[in-house]
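Peer 1: work_17.txt is reproduced below (compact mmCIF, C-alpha atoms and all ligand atoms).
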```txt
# COMPACT_ATOMS: atom_id res chain seq x y z
CA MET A 1 141.70 104.31 125.29
CA SER A 2 144.32 106.63 126.52
CA LEU A 3 143.85 109.19 129.19
CA THR A 4 144.39 112.89 128.54
CA ILE A 5 145.34 115.26 131.33
CA GLY A 6 145.20 119.01 130.72
CA ILE A 7 147.75 121.12 132.60
CA ILE A 8 146.05 124.30 133.65
CA GLY A 9 147.20 127.29 135.67
CA LEU A 10 147.75 131.01 135.75
CA PRO A 11 150.52 132.52 133.59
CA GLN A 12 154.03 131.61 134.77
CA ALA A 13 152.86 128.94 137.20
CA GLY A 14 155.39 126.55 135.66
CA LYS A 15 153.05 124.51 133.46
CA THR A 16 155.43 124.17 130.54
CA THR A 17 158.32 123.40 132.87
CA LEU A 18 156.23 120.66 134.48
CA PHE A 19 155.06 119.41 131.07
CA SER A 20 158.70 119.13 130.01
CA ALA A 21 159.57 117.27 133.19
CA LEU A 22 156.67 114.84 132.80
CA THR A 23 157.27 114.13 129.14
CA ARG A 24 161.08 114.45 129.12
CA LEU A 25 160.72 116.89 126.27
CA ASP A 26 162.15 120.34 126.09
CA ALA A 27 158.96 122.24 125.42
CA GLY A 28 160.20 125.70 126.33
CA ALA A 29 160.63 126.89 122.75
CA ALA A 30 157.26 125.63 121.60
CA SER A 31 155.52 127.39 124.44
CA ALA A 32 157.04 130.73 123.50
CA SER A 33 155.02 130.56 120.28
CA GLN A 34 151.89 129.79 122.31
CA LYS A 35 151.41 126.59 120.39
CA PRO A 36 149.88 123.96 122.69
CA ASN A 37 152.24 121.20 123.76
CA GLN A 38 150.92 117.66 123.64
CA ALA A 39 152.78 114.44 124.30
CA ARG A 40 152.22 110.85 125.36
CA VAL A 41 153.99 109.33 128.31
CA ALA A 42 154.31 105.71 129.40
CA VAL A 43 152.86 105.19 132.86
CA PRO A 44 155.62 103.88 135.12
CA ASP A 45 154.69 100.65 136.90
CA GLU A 46 157.14 98.71 139.05
CA ARG A 47 155.04 95.56 138.89
CA LEU A 48 155.27 95.57 135.10
CA ASP A 49 159.04 96.12 135.23
CA LYS A 50 159.47 93.20 137.60
CA ALA A 51 157.14 90.87 135.67
CA SER A 52 159.05 91.77 132.54
CA ALA A 53 162.34 90.90 134.21
CA ILE A 54 160.92 87.43 134.97
CA PHE A 55 159.48 86.68 131.51
CA THR A 56 161.88 88.69 129.31
CA PRO A 57 158.97 88.94 126.84
CA LYS A 58 159.22 90.09 123.22
CA LYS A 59 157.16 93.11 124.15
CA THR A 60 156.51 95.11 127.30
CA THR A 61 153.59 97.49 127.02
CA PRO A 62 152.80 100.04 129.69
CA THR A 63 149.63 102.13 129.63
CA ALA A 64 149.89 105.68 128.38
CA VAL A 65 148.80 109.14 129.45
CA ASP A 66 148.62 112.17 127.19
CA PHE A 67 149.49 115.60 128.53
CA LEU A 68 148.27 118.88 127.14
CA ASP A 69 149.88 122.20 128.01
CA VAL A 70 148.46 125.49 126.77
CA ALA A 71 150.13 128.84 127.45
CA ALA A 72 148.02 130.94 129.82
CA THR A 73 149.61 134.23 128.92
CA VAL A 74 146.76 136.01 127.18
CA THR A 75 146.59 138.73 124.59
CA VAL A 76 145.07 142.16 125.19
CA GLU A 77 141.90 141.19 123.28
CA GLU A 78 141.37 138.32 125.68
CA LYS A 79 141.01 140.97 128.38
CA GLY A 80 143.19 139.42 131.01
CA SER A 81 141.02 136.36 131.64
CA LEU A 82 142.21 132.95 130.52
CA GLY A 83 139.69 133.25 127.75
CA LYS A 84 138.18 131.01 125.14
CA ARG A 85 141.42 129.99 123.48
CA VAL A 86 143.00 128.73 126.65
CA LEU A 87 140.04 127.16 128.41
CA GLY A 88 138.41 125.88 125.22
CA SER A 89 141.41 123.61 124.68
CA PHE A 90 140.61 121.75 127.88
CA ARG A 91 137.01 120.74 127.14
CA THR A 92 138.06 117.41 125.63
CA VAL A 93 140.49 116.28 128.34
CA ASP A 94 139.65 113.58 130.92
CA ALA A 95 141.13 115.36 133.92
CA LEU A 96 142.66 118.68 134.86
CA LEU A 97 145.96 119.20 136.61
CA MET A 98 145.84 122.62 138.28
CA VAL A 99 149.35 123.97 138.76
CA ALA A 100 149.77 126.56 141.50
CA ARG A 101 152.96 128.60 141.68
CA ALA A 102 154.64 128.02 145.03
CA PHE A 103 158.06 129.45 144.11
CA ASP A 104 159.39 133.02 144.15
CA HIS A 105 159.05 134.42 140.67
CA PRO A 106 161.51 137.03 139.29
CA TYR A 107 158.76 139.57 138.57
CA LEU A 108 155.55 138.14 140.03
CA GLY A 109 157.21 137.93 143.43
CA ALA A 110 156.24 135.75 146.37
CA PRO A 111 153.81 132.89 145.77
CA ARG A 112 150.15 133.17 146.75
CA PRO A 113 148.81 129.77 145.77
CA ARG A 114 145.47 130.05 147.56
CA ALA A 115 144.57 133.27 145.77
CA ASP A 116 145.82 131.84 142.45
CA LEU A 117 143.81 128.65 142.82
CA GLU A 118 140.70 130.67 143.70
CA THR A 119 141.22 132.83 140.61
CA LEU A 120 141.77 129.83 138.39
CA ASP A 121 138.75 128.02 139.76
CA LEU A 122 136.60 131.08 139.23
CA GLU A 123 137.81 131.29 135.62
CA LEU A 124 136.61 127.74 135.06
CA VAL A 125 133.22 128.56 136.54
CA ILE A 126 132.89 131.72 134.41
CA SER A 127 133.89 129.84 131.28
CA ASP A 128 131.34 127.08 131.96
CA LEU A 129 128.68 129.66 132.71
CA SER A 130 129.18 131.30 129.37
CA VAL A 131 129.00 127.92 127.63
CA ILE A 132 125.69 127.18 129.34
CA GLU A 133 124.29 130.61 128.65
CA ASN A 134 125.24 130.29 124.98
CA THR A 135 123.59 126.89 124.82
CA LEU A 136 120.38 128.29 126.30
CA GLU A 137 120.55 131.31 124.02
CA ARG A 138 121.14 129.30 120.85
CA ASN A 139 118.42 126.75 121.63
CA ARG A 140 115.45 128.82 122.64
CA LYS A 141 113.10 126.01 121.70
CA MET A 142 114.81 123.51 123.95
CA PRO A 143 112.30 121.20 125.72
CA THR A 144 111.32 122.50 129.14
CA GLU A 145 112.75 119.50 130.93
CA ALA A 146 116.15 120.18 129.37
CA ARG A 147 115.97 123.90 130.03
CA VAL A 148 115.21 123.31 133.70
CA TRP A 149 118.30 121.13 134.05
CA PHE A 150 120.55 123.69 132.34
CA GLU A 151 119.17 126.45 134.52
CA GLN A 152 119.75 124.36 137.61
CA VAL A 153 123.41 123.90 136.68
CA ARG A 154 123.70 127.57 135.75
CA ASP A 155 122.29 128.74 139.07
CA VAL A 156 124.79 126.68 141.04
CA LEU A 157 127.66 128.06 138.96
CA GLN A 158 126.34 131.58 139.36
CA GLU A 159 126.77 131.20 143.10
CA GLY A 160 130.37 130.24 142.40
CA ARG A 161 129.79 126.66 143.52
CA ARG A 162 130.46 123.39 141.74
CA PRO A 163 127.41 121.47 140.64
CA ASP A 164 126.81 118.11 142.31
CA PRO A 165 128.59 115.47 140.17
CA ALA A 166 125.39 113.39 140.22
CA LEU A 167 123.48 116.29 138.67
CA ILE A 168 126.07 116.71 135.92
CA ALA A 169 126.34 113.00 135.26
CA SER A 170 122.63 112.52 134.70
CA PRO A 171 121.04 115.16 132.50
CA PRO A 172 117.46 114.29 131.56
CA GLU A 173 117.10 112.51 128.21
CA ALA A 174 115.90 115.72 126.55
CA ALA A 175 119.02 117.64 127.61
CA ARG A 176 121.54 115.08 126.40
CA PRO A 177 121.95 116.25 122.81
CA PHE A 178 122.72 119.76 124.08
CA ALA A 179 124.82 118.69 127.05
CA GLN A 180 127.08 116.30 125.16
CA SER A 181 129.25 118.86 123.42
CA MET A 182 129.40 121.02 126.51
CA SER A 183 131.77 118.97 128.72
CA LEU A 184 131.91 121.31 131.68
CA LEU A 185 135.36 122.05 133.06
CA VAL A 186 134.08 122.13 136.64
CA ALA A 187 132.78 118.59 136.22
CA LYS A 188 136.21 117.15 135.40
CA PRO A 189 138.26 115.28 137.97
CA THR A 190 140.85 117.79 139.13
CA ILE A 191 144.25 117.34 140.73
CA VAL A 192 146.15 120.18 142.37
CA ALA A 193 149.94 120.44 142.15
CA ALA A 194 152.02 122.97 144.03
CA ASN A 195 155.13 123.91 142.05
CA VAL A 196 157.64 124.63 144.82
CA GLY A 197 160.96 126.46 144.72
CA GLU A 198 164.32 124.73 144.86
CA SER A 199 164.76 125.55 148.55
CA ALA A 200 161.85 123.24 149.39
CA LEU A 201 163.42 120.27 147.61
CA GLY A 202 163.31 116.94 149.40
CA ASN A 203 160.85 118.46 151.83
CA GLU A 204 158.24 119.68 149.38
CA ASP A 205 155.29 118.92 151.61
CA ALA A 206 156.58 121.07 154.47
CA ASP A 207 156.93 124.15 152.29
CA PRO A 208 154.52 126.87 153.54
CA ALA A 209 153.23 127.72 150.06
CA ALA A 210 152.76 124.02 149.30
CA GLN A 211 150.79 123.65 152.54
CA GLU A 212 148.62 126.57 151.57
CA ALA A 213 147.86 124.89 148.26
CA ARG A 214 147.26 121.57 149.98
CA GLY A 215 144.77 123.24 152.32
CA TRP A 216 142.84 124.59 149.36
CA ALA A 217 142.90 121.21 147.62
CA GLU A 218 141.62 119.46 150.73
CA GLU A 219 138.81 121.95 151.20
CA HIS A 220 137.79 121.28 147.61
CA ARG A 221 138.30 117.49 147.94
CA ARG A 222 140.95 117.28 145.25
CA GLU A 223 144.00 115.10 145.10
CA PHE A 224 147.19 117.03 145.81
CA PHE A 225 150.93 116.71 145.39
CA ALA A 226 153.94 119.01 145.55
CA VAL A 227 156.72 119.06 142.99
CA CYS A 228 159.67 121.21 141.96
CA ALA A 229 159.15 121.38 138.22
CA ALA A 230 162.42 123.17 137.46
CA ILE A 231 164.58 120.50 139.10
CA GLU A 232 162.49 117.66 137.74
CA GLN A 233 162.93 119.02 134.28
CA GLU A 234 166.69 118.96 134.74
CA ILE A 235 166.51 115.42 136.12
CA SER A 236 164.35 114.29 133.22
CA GLN A 237 167.18 115.10 130.82
CA LEU A 238 169.54 112.67 132.58
CA PRO A 239 169.95 108.97 131.73
CA PRO A 240 167.63 106.89 134.00
CA GLU A 241 170.38 105.51 136.32
CA GLU A 242 171.88 108.94 136.88
CA ALA A 243 168.44 110.43 137.40
CA GLN A 244 167.74 107.89 140.15
CA GLU A 245 171.02 108.68 141.87
CA PHE A 246 170.49 112.41 141.56
CA MET A 247 167.00 112.14 142.99
CA SER A 248 168.05 110.12 146.04
CA GLY A 249 170.88 112.60 146.55
CA LEU A 250 168.35 115.41 146.73
CA GLY A 251 166.00 113.43 148.93
CA ILE A 252 163.29 113.16 146.27
CA GLU A 253 161.53 109.86 146.83
CA LYS A 254 159.05 109.84 143.99
CA SER A 255 159.14 111.67 140.68
CA GLY A 256 156.45 114.18 139.76
CA LEU A 257 155.21 111.70 137.17
CA ASP A 258 154.82 108.95 139.78
CA LYS A 259 152.94 111.28 142.11
CA LEU A 260 150.74 112.55 139.33
CA ILE A 261 149.83 109.09 138.12
CA VAL A 262 148.83 107.98 141.61
CA ALA A 263 146.75 111.14 142.10
CA SER A 264 145.13 110.86 138.66
CA TYR A 265 144.19 107.21 139.01
CA ARG A 266 142.71 107.93 142.42
CA SER A 267 140.82 110.94 141.26
CA LEU A 268 139.51 109.19 138.14
CA ASP A 269 138.86 106.00 140.09
CA LEU A 270 141.02 103.90 137.81
CA ILE A 271 143.00 100.77 138.55
CA THR A 272 145.62 98.78 136.68
CA PHE A 273 145.63 95.08 135.93
CA LEU A 274 148.34 93.11 134.14
CA THR A 275 148.65 90.33 131.64
CA VAL A 276 151.97 88.48 131.53
CA GLY A 277 153.74 85.90 129.40
CA GLU A 278 156.68 85.21 127.11
CA ASP A 279 155.10 87.14 124.26
CA GLU A 280 154.06 90.24 126.10
CA CYS A 281 153.82 91.74 129.56
CA ARG A 282 151.29 94.49 129.62
CA CYS A 283 149.41 96.93 131.85
CA TRP A 284 145.74 97.78 131.34
CA THR A 285 143.56 100.46 132.84
CA VAL A 286 139.97 99.90 133.98
CA HIS A 287 137.49 101.65 136.21
CA ARG A 288 137.48 100.55 139.82
CA GLY A 289 134.64 98.08 140.17
CA ALA A 290 135.10 96.55 136.71
CA THR A 291 134.26 92.85 136.58
CA ALA A 292 136.49 90.19 135.06
CA PRO A 293 134.54 90.10 131.74
CA GLU A 294 134.74 93.91 131.51
CA ALA A 295 138.47 93.76 132.05
CA ALA A 296 138.67 90.99 129.43
CA GLY A 297 136.84 93.32 127.04
CA LYS A 298 139.67 95.84 127.37
CA ILE A 299 142.02 93.25 125.93
CA HIS A 300 139.72 92.14 123.12
CA SER A 301 135.96 92.14 122.62
CA ASP A 302 136.13 88.37 121.85
CA LEU A 303 137.51 87.78 125.33
CA GLU A 304 134.49 89.49 126.85
CA LYS A 305 131.97 87.76 124.59
CA GLY A 306 133.46 84.32 125.01
CA PHE A 307 134.49 84.79 128.65
CA ILE A 308 134.52 81.57 130.64
CA ARG A 309 136.74 82.20 133.64
CA ALA A 310 139.68 84.32 134.72
CA GLU A 311 142.80 82.93 136.35
CA VAL A 312 143.80 85.57 138.87
CA VAL A 313 146.86 86.10 141.02
CA THR A 314 147.99 89.29 142.75
CA SER A 315 151.24 90.71 141.36
CA GLU A 316 152.57 90.62 144.89
CA ASP A 317 152.12 86.85 145.13
CA PHE A 318 153.36 86.25 141.61
CA LEU A 319 156.47 88.39 142.00
CA ARG A 320 157.23 86.71 145.33
CA LEU A 321 156.85 83.17 143.94
CA GLY A 322 158.26 83.82 140.47
CA THR A 323 156.27 81.32 138.35
CA MET A 324 152.63 80.56 137.68
CA ALA A 325 153.28 76.91 138.59
CA ALA A 326 154.50 77.96 142.04
CA CYS A 327 151.41 80.18 142.42
CA ARG A 328 149.20 77.21 141.59
CA ASP A 329 151.07 74.98 144.07
CA LYS A 330 150.70 77.52 146.85
CA GLY A 331 147.02 77.95 146.05
CA VAL A 332 147.26 81.69 145.33
CA LEU A 333 146.24 81.33 141.69
CA ARG A 334 142.44 81.53 141.77
CA LEU A 335 139.76 80.76 139.22
CA GLU A 336 137.20 83.55 139.17
CA GLY A 337 133.87 83.86 137.38
CA ARG A 338 131.82 86.59 135.70
CA THR A 339 131.05 88.54 138.86
CA TYR A 340 134.64 88.84 140.08
CA VAL A 341 135.60 92.48 140.67
CA VAL A 342 139.13 93.11 139.42
CA GLN A 343 141.58 94.55 141.96
CA ASP A 344 144.49 96.90 141.34
CA GLY A 345 147.60 94.87 140.50
CA ASP A 346 145.75 91.67 139.60
CA ILE A 347 147.44 89.52 136.97
CA LEU A 348 144.72 88.06 134.76
CA ASN A 349 144.64 85.20 132.31
CA ILE A 350 141.29 85.03 130.57
CA ARG A 351 139.87 81.65 129.55
CA PHE A 352 137.43 82.10 126.74
CA ASN A 353 135.97 80.44 123.69
CA VAL A 354 134.59 81.94 120.52
N1 LIG A 401 162.56 128.78 140.70
C1 LIG A 401 161.71 128.09 139.97
N2 LIG A 401 161.34 128.61 138.80
C2 LIG A 401 160.46 127.91 138.05
C3 LIG A 401 159.94 126.65 138.45
N3 LIG A 401 159.08 126.22 137.51
C4 LIG A 401 159.07 127.17 136.55
N4 LIG A 401 159.92 128.20 136.86
C5 LIG A 401 160.21 129.38 136.08
O1 LIG A 401 159.03 130.17 135.97
C6 LIG A 401 158.92 130.72 134.66
C7 LIG A 401 157.60 130.29 134.05
O2 LIG A 401 157.62 128.90 133.81
P1 LIG A 401 156.78 128.25 132.63
O3 LIG A 401 156.91 126.78 132.79
O4 LIG A 401 157.13 128.83 131.32
O5 LIG A 401 155.32 128.74 133.05
P2 LIG A 401 153.94 128.51 132.29
O6 LIG A 401 152.94 128.20 133.34
O7 LIG A 401 154.11 127.53 131.20
O8 LIG A 401 153.64 129.96 131.72
P3 LIG A 401 152.68 130.36 130.46
O9 LIG A 401 152.94 129.37 129.39
O10 LIG A 401 153.10 131.73 130.12
O11 LIG A 401 151.30 130.33 130.97
C8 LIG A 401 160.13 130.25 133.87
O12 LIG A 401 161.10 131.26 133.93
C9 LIG A 401 160.58 129.02 134.66
O13 LIG A 401 161.96 128.81 134.53
C10 LIG A 401 160.38 126.13 139.71
O14 LIG A 401 159.99 125.03 140.14
N5 LIG A 401 161.26 126.89 140.41
MG MG A 402 153.79 127.66 129.14
```
Would you mind writing the file out in structure tokens?
Ligand SMILES: Nc1nc2c(ncn2[C@@H]2O[C@H](COP(=O)(O)OP(=O)(O)OP(=O)(O)O)[C@@H](O)[C@H]2O)c(=O)[nH]1
Ligand SMILES: [Mg+2]

Peer 2:
Amino acid sequence: MSLTIGIIGLPQAGKTTLFSALTRLDAGAASASQKPNQARVAVPDERLDKASAIFTPKKTTPTAVDFLDVAATVTVEEKGSLGKRVLGSFRTVDALLMVARAFDHPYLGAPRPRADLETLDLELVISDLSVIENTLERNRKMPTEARVWFEQVRDVLQEGRRPDPALIASPPEAARPFAQSMSLLVAKPTIVAANVGESALGNEDADPAAQEARGWAEEHRREFFAVCAAIEQEISQLPPEEAQEFMSGLGIEKSGLDKLIVASYRSLDLITFLTVGEDECRCWTVHRGATAPEAAGKIHSDLEKGFIRAEVVTSEDFLRLGTMAACRDKGVLRLEGRTYVVQDGDILNIRFNV
């Protein structure tokens, strides 16, 4: 299971620049042809790096995130809205990253992130509305129970509001076959990024346009971060050591990728656990609240089926003490059963039999 994040925004917001920065690819040329950009990125995790330095395993395996970037510049036929081509591409993603321009653009002028985010959000609502209306239109004989649910969602959207996640998550049985292929954009976890100008570097959060975007994100209960995509793209082309030096020189504490991963995991309610050893050190992603057997199932279905117990230590304790034996001696290596709820950063060793 890998996670896909769709980068969405008005034309010239800096989506492709950000995509290039996140993926270390130079996607500028591809975007000129309006071909979507898609690439997989390893999720940075310090705990994994440090565990790997201790074990020097044959393999180190981070988790991965896929990014999708679609040009928002639309043709005349698409009538100035983001349109089917653009928004349709995002129906299959797990989360949306809304990029708001917070830099001065050569011909679009001063940033107005609040207005842009409103416009973008409205486009999502309009697109979802048309999907629902088409579904109702095409399935005139839909059971009443299903129709009522669709109309409920439609009415909320028509008022320009977002439907209650609980409503979206639980369509009545009769509506499921119709709702499945729909995957509403407004129902997706959404993160807002302000793409600030170079003058705001090192102090991105204090930038007035970034604050405007943050305000909007907070009102809409979305995760937020500020980034300067143009600089990050330049940094992403440097060798890692130089990049680190360059970033500290500019006062950038965390890369856009780091900020995005934190925001995404929070907004999707995901956590990371680790498995370590001489063969492999590896990160895994599970939903917050997953039990030890569920986590074991991520590794292999046999581990879930034959689950006996999990040996658990926090990465903090392990990295401080350096060996499992020391963790056992200090009593920080615990044996947990089926009901144990896995915590972010836990190092697990599953005992099982098949
Ligand atoms: N000054 C400044 N310019 C930027 C920044 N990010 C992007 N740009 C510039 O803004 C323009 C648009 O950037 P793109 O990344 O192509 O924007 P986009 O959102 O992909 O645009 P479409 O694909 O047309 O929808 C380019 O000229 C970039 O160089 C930034 O952080 N600062
Ligand atoms: Mg682009």

Peer 1: Nearest residue to ligand LIG 401 (chain A) out of A:Glu316, A:Glu234, A:Asp164, A:Glu304, using only C-alpha atoms and all ligand atoms?

Peer 2: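 Of all the options, A:Glu234 lies closest to ligand LIG 401 (chain A).
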
Peer 1: What's the separation between atom CA of Asn134 of chain A and atom O10 of ligand LIG 401 (chain A), in Å to one decimal place?

Peer 2: 28.4 Å

Peer 1: Mind giving me the straight-line distance from atom CA of Arg320 of chain A to atom CA of Ala295 of chain A in Å, one decimal?

Peer 2: 24.0 Å

Peer 1: Mind giving me the straight-line distance from atom CA of Lys305 of chain A to atom CA of Ala292 of chain A in Å, one decimal?

Peer 2: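 Going from atom CA of Lys305 of chain A over to atom CA of Ala292 of chain A covers 11.7 Å.
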
Peer 1: Using all atoms listed in the file, list the residues that have an atom at most 8 Å from (139.9, 91.3, 138.2), coordinates as in the file, as a ChimeraX atom specification.

Peer 2: /A:273,290-292,295,310,312,340-344,346-348

Peer 1: Step by step, measure atom-to-atom distances between ligand LIG 401 (chain A) and each residue using all atoms listed in the file, keep those at most 8 Å, then write them as a PDB file with C-alpha atoms, in the frame of the given file.

Peer 2:
```
ATOM      1  CA  ILE A   8     146.050 124.300 133.650  1.00  0.00           C
ATOM      2  CA  GLY A   9     147.200 127.290 135.670  1.00  0.00           C
ATOM      3  CA  LEU A  10     147.750 131.010 135.750  1.00  0.00           C
ATOM      4  CA  PRO A  11     150.520 132.520 133.590  1.00  0.00           C
ATOM      5  CA  GLN A  12     154.030 131.610 134.770  1.00  0.00           C
ATOM      6  CA  ALA A  13     152.860 128.940 137.200  1.00  0.00           C
ATOM      7  CA  GLY A  14     155.390 126.550 135.660  1.00  0.00           C
ATOM      8  CA  LYS A  15     153.050 124.510 133.460  1.00  0.00           C
ATOM      9  CA  THR A  16     155.430 124.170 130.540  1.00  0.00           C
ATOM     10  CA  THR A  17     158.320 123.400 132.870  1.00  0.00           C
ATOM     11  CA  LEU A  18     156.230 120.660 134.480  1.00  0.00           C
ATOM     12  CA  PHE A  19     155.060 119.410 131.070  1.00  0.00           C
ATOM     13  CA  GLY A  28     160.200 125.700 126.330  1.00  0.00           C
ATOM     14  CA  SER A  31     155.520 127.390 124.440  1.00  0.00           C
ATOM     15  CA  ALA A  32     157.040 130.730 123.500  1.00  0.00           C
ATOM     16  CA  GLN A  34     151.890 129.790 122.310  1.00  0.00           C
ATOM     17  CA  ASP A  69     149.880 122.200 128.010  1.00  0.00           C
ATOM     18  CA  VAL A  70     148.460 125.490 126.770  1.00  0.00           C
ATOM     19  CA  ALA A  71     150.130 128.840 127.450  1.00  0.00           C
ATOM     20  CA  ALA A  72     148.020 130.940 129.820  1.00  0.00           C
ATOM     21  CA  THR A  73     149.610 134.230 128.920  1.00  0.00           C
ATOM     22  CA  VAL A  99     149.350 123.970 138.760  1.00  0.00           C
ATOM     23  CA  ARG A 101     152.960 128.600 141.680  1.00  0.00           C
ATOM     24  CA  ALA A 102     154.640 128.020 145.030  1.00  0.00           C
ATOM     25  CA  PHE A 103     158.060 129.450 144.110  1.00  0.00           C
ATOM     26  CA  ASP A 104     159.390 133.020 144.150  1.00  0.00           C
ATOM     27  CA  HIS A 105     159.050 134.420 140.670  1.00  0.00           C
ATOM     28  CA  PRO A 106     161.510 137.030 139.290  1.00  0.00           C
ATOM     29  CA  ASN A 195     155.130 123.910 142.050  1.00  0.00           C
ATOM     30  CA  VAL A 196     157.640 124.630 144.820  1.00  0.00           C
ATOM     31  CA  GLY A 197     160.960 126.460 144.720  1.00  0.00           C
ATOM     32  CA  GLU A 198     164.320 124.730 144.860  1.00  0.00           C
ATOM     33  CA  VAL A 227     156.720 119.060 142.990  1.00  0.00           C
ATOM     34  CA  CYS A 228     159.670 121.210 141.960  1.00  0.00           C
ATOM     35  CA  ALA A 229     159.150 121.380 138.220  1.00  0.00           C
ATOM     36  CA  ALA A 230     162.420 123.170 137.460  1.00  0.00           C
ATOM     37  CA  ILE A 231     164.580 120.500 139.100  1.00  0.00           C
TER      38      ILE A 231
END
```

Peer 1: Find, counting all atoms listed in the file, the residue in A:Ala226, A:Ile7, A:Ala146, A:Leu96 that gets nearest to Arg176 of chain A.

Peer 2: A:Ala146

Peer 1: Counting all atoms listed in the file, which residues come within 6 Å of (144.3, 127.0, 144.2), with the point read in the file's coordinates, and could you list them as a count of residues only?

Peer 2: 7

Peer 1: Could you check which of A:Leu333, A:Val86, A:Leu108, A:Ala166 is closest to ligand MG 402 (chain A), using all atoms listed in the file?

Peer 2: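 Nearest to ligand MG 402 (chain A): A:Val86.
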
Peer 1: Looking at only C-alpha atoms and all ligand atoms, which of A:Lys254, A:Lys35, A:Lys188, A:Lys84 is the one that sits closest to ligand MG 402 (chain A)?

Peer 2: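 Nearest candidate to ligand MG 402 (chain A) out of A:Lys254, A:Lys35, A:Lys188, A:Lys84: A:Lys35.
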
Peer 1: Compare A:Phe352, A:Trp284, A:Tyr107, A:Phe318 by their minimum atom-to-atom distance to Thr61 of chain A, counting all atoms listed in the file, and give me the closest one.

Peer 2: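 Closest residue, counting all atoms listed in the file: A:Trp284.
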
Peer 1: Which of these, A:Leu124, A:Ala27, A:Leu22, A:Val43, has the shortest distance to ligand MG 402 (chain A) once you count all atoms listed in the file?

Peer 2: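 The closest residue to ligand MG 402 (chain A) is A:Ala27.
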
Peer 1: Excluding Ile126 of chain A and any residue of its chain fewer than 3 positions from it, enumerate the residues within 10 Å of it, using only C-alpha atoms, and give them as a ChimeraX atom specification.

Peer 2: /A:81,83,120-123,129-132,157-158,160,186
